[in-house]
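In what follows, a structure is listed as structure tokens, so that the remarks can point back to it.
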Amino acid sequence: MGDQTSLEATVLSYNKSAMEKLRKKDFEGALGLLKEAEKTLSKENDSVKLHSITHNNLGCFYKRSNKPKIALIYFEKALRLESEDPEEVATLSGINLNICTLKSQQGDHEGALFFAKKALKQLLWKLDEVPSLISSAAIAYYNVGIEFEYLNKLSDAFSTFKQGW
């Protein structure tokens, strides 16, 4: 148990520090820490949650590094892992919104809409139990509305924006 707790603390620390470096635009430092997290996890493959966090953060790294195809690979890995625990709505919906953003940036607005709707559905499912998800739900409504706009489905966009308001 102690080794697992230590492993978890180490991996979470790598991830947290990497995201701080990424916010400061220290891309090399962020990638180094995320690769250390991956290497640490390769020794112990039983923590789905830690793998998911690391993959999601690698997706964020590559998204910020303007490498959307690589980012999408990591987000999809994280999504597959998170799908094993549907109770992790905040994380799952966040991954779906990250994929939505990438798909939208690549001009795949149907794909982006799919992931935005999926995130919104997940958030609304748990919103009564977890009121702190309200800001994420507002972001999801916005993303659904914007994707409807890109697809020239203006009445759907208006309706979505109105619901999110």
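Within each chain, counting starts at residue 1; across the structure tokens, chains are named A, B, ... in the order shown, with ligands numbered 1 upward in that order.
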Near range 27-30 of chain A, 10 Å: range 41-76 of chain A residue rows, closest pairs, only C-alpha atoms, as JSON lines:
```
{"residue": "A:Asn57", "atom": "CA", "partner": "A:Ala30", "partner_atom": "CA", "distance": 9.6}
{"residue": "A:Leu58", "atom": "CA", "partner": "A:Ala30", "partner_atom": "CA", "distance": 9.1}
{"residue": "A:Phe61", "atom": "CA", "partner": "A:Ala30", "partner_atom": "CA", "distance": 7.6}
{"residue": "A:Tyr62", "atom": "CA", "partner": "A:Phe27", "partner_atom": "CA", "distance": 9.5}
{"residue": "A:Arg64", "atom": "CA", "partner": "A:Phe27", "partner_atom": "CA", "distance": 8.8}
{"residue": "A:Ser65", "atom": "CA", "partner": "A:Phe27", "partner_atom": "CA", "distance": 7.7}
```
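Closest approach to Thr5 in chain A among A:Ser47, A:Asn152, A:Asn56, A:Ser93 is made by A:Ser47 (distances from only C-alpha atoms).
Excluding Leu97 in chain A itself and same-chain residues fewer than 3 positions from it, the residues having an atom within 8 Å of it are Ser93, Gly94, Cys100, Thr101, Phe115, Ala116, Ala119, Ala140 and Asn143 of chain A, counting only C-alpha atoms.
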Q: With a distance cut-off of 9 Å and only C-alpha atoms, select the neighbouring residues of Gly111 in chain A, excluding the residue or stretch itself and same-chain residues fewer than 6 positions from it, and output the selection as a PyMOL selection string.
A: chain A and resi 99-100+103-104
Please produce an output containing all heavy atoms for each residue in the selection, written as a JSON list (two decimals), in the first residue's frame.
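Once written, again-v9.json looks like this:
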```json
[["chain", "number", "residue", "atom", "x", "y", "z"],
["A", 99, "ILE", "N", -11.24, 17.34, -26.85],
["A", 99, "ILE", "CA", -11.35, 16.73, -28.18],
["A", 99, "ILE", "C", -12.24, 17.61, -29.08],
["A", 99, "ILE", "O", -11.92, 17.83, -30.25],
["A", 99, "ILE", "CB", -11.88, 15.29, -28.09],
["A", 99, "ILE", "CG1", -10.86, 14.40, -27.38],
["A", 99, "ILE", "CG2", -12.19, 14.75, -29.49],
["A", 99, "ILE", "CD1", -11.34, 12.99, -27.07],
["A", 100, "CYS", "N", -13.32, 18.15, -28.52],
["A", 100, "CYS", "CA", -14.19, 19.06, -29.26],
["A", 100, "CYS", "C", -13.38, 20.23, -29.81],
["A", 100, "CYS", "O", -13.49, 20.57, -31.00],
["A", 100, "CYS", "CB", -15.31, 19.57, -28.34],
["A", 100, "CYS", "SG", -16.18, 21.02, -28.96],
["A", 103, "LYS", "N", -11.07, 19.09, -32.68],
["A", 103, "LYS", "CA", -11.84, 18.79, -33.90],
["A", 103, "LYS", "C", -12.31, 20.09, -34.55],
["A", 103, "LYS", "O", -12.27, 20.23, -35.77],
["A", 103, "LYS", "CB", -13.03, 17.89, -33.57],
["A", 103, "LYS", "CG", -12.63, 16.52, -33.06],
["A", 103, "LYS", "CD", -12.99, 15.48, -34.05],
["A", 103, "LYS", "CE", -12.59, 14.10, -33.54],
["A", 103, "LYS", "NZ", -12.07, 13.29, -34.62],
["A", 104, "SER", "N", -12.76, 21.04, -33.74],
["A", 104, "SER", "CA", -13.21, 22.32, -34.27],
["A", 104, "SER", "C", -12.07, 23.06, -34.95],
["A", 104, "SER", "O", -12.23, 23.59, -36.05],
["A", 104, "SER", "CB", -13.80, 23.17, -33.14],
["A", 104, "SER", "OG", -14.35, 24.36, -33.66]]
```
Q. Could you state the separation of CA of Glu20 in chain A and CA of Leu33 in chain A in Å, given to one decimal place?
A. 10.6 Å
**Q.** Near-Lys35 in chain A list (12 Å; only C-alpha atoms; drop same-chain fewer than 3 positions) as a PyMOL selection string
**A.** chain A and resi 11+14-15+18+28-32+38-42+51+54-55+57-58+61
Q: Might you pull out every residue within 9 Å of Ile146 in chain A, with only C-alpha atoms counted and same-chain residues fewer than 3 positions away left off, and present them as a ChimeraX atom specification?
A: /A:113,141-143,149-151,157,161
Q. What does the distance from CA of Ile53 in chain A to CA of Leu22 in chain A come to in Å, to one decimal?
A.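 Computing it gives 15.0 Å between the two atoms.
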Q. Looking only at the backbone, which of the residues in chain A does DSSP tag as helix (DSSP H, G or I), as a PyMOL selection string?
A. chain A and resi 2-23+27-43+48-64+68-82+89-105+109-126+131-150+154-164
Q: Kindly give the distance, in Å, that separates CA of Thr160 in chain A and CA of Gly145 in chain A, rounded to a single decimal.
A: 5.4 Å
Q: Considering only C-alpha atoms, state which residue in the set A:Ile95, A:Trp165, A:Asp26, A:Ala90 is at the smallest distance from Gly59 in chain A.
A: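 Answer, going by the shortest atom-to-atom distance: A:Ile95.
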Q.
Could you check the closest approach to Lys126 in chain A for each of A:Ile73, A:Val89, A:Val48, A:Leu12 and tell me which residue wins, using only C-alpha atoms?
A.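 Of A:Ile73, A:Val89, A:Val48, A:Leu12, the one nearest Lys126 in chain A is A:Val89, counting only C-alpha atoms.
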Q: Within 8 Å of Glu82 in chain A, counting only C-alpha atoms, which residues show up once you throw out same-chain ones fewer than 6 positions away? Write them as a list in words, please.
A: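 Here the qualifying residues turn out to be Val48, Lys49, Ser52, Glu88, Thr91 and Leu92 of chain A.
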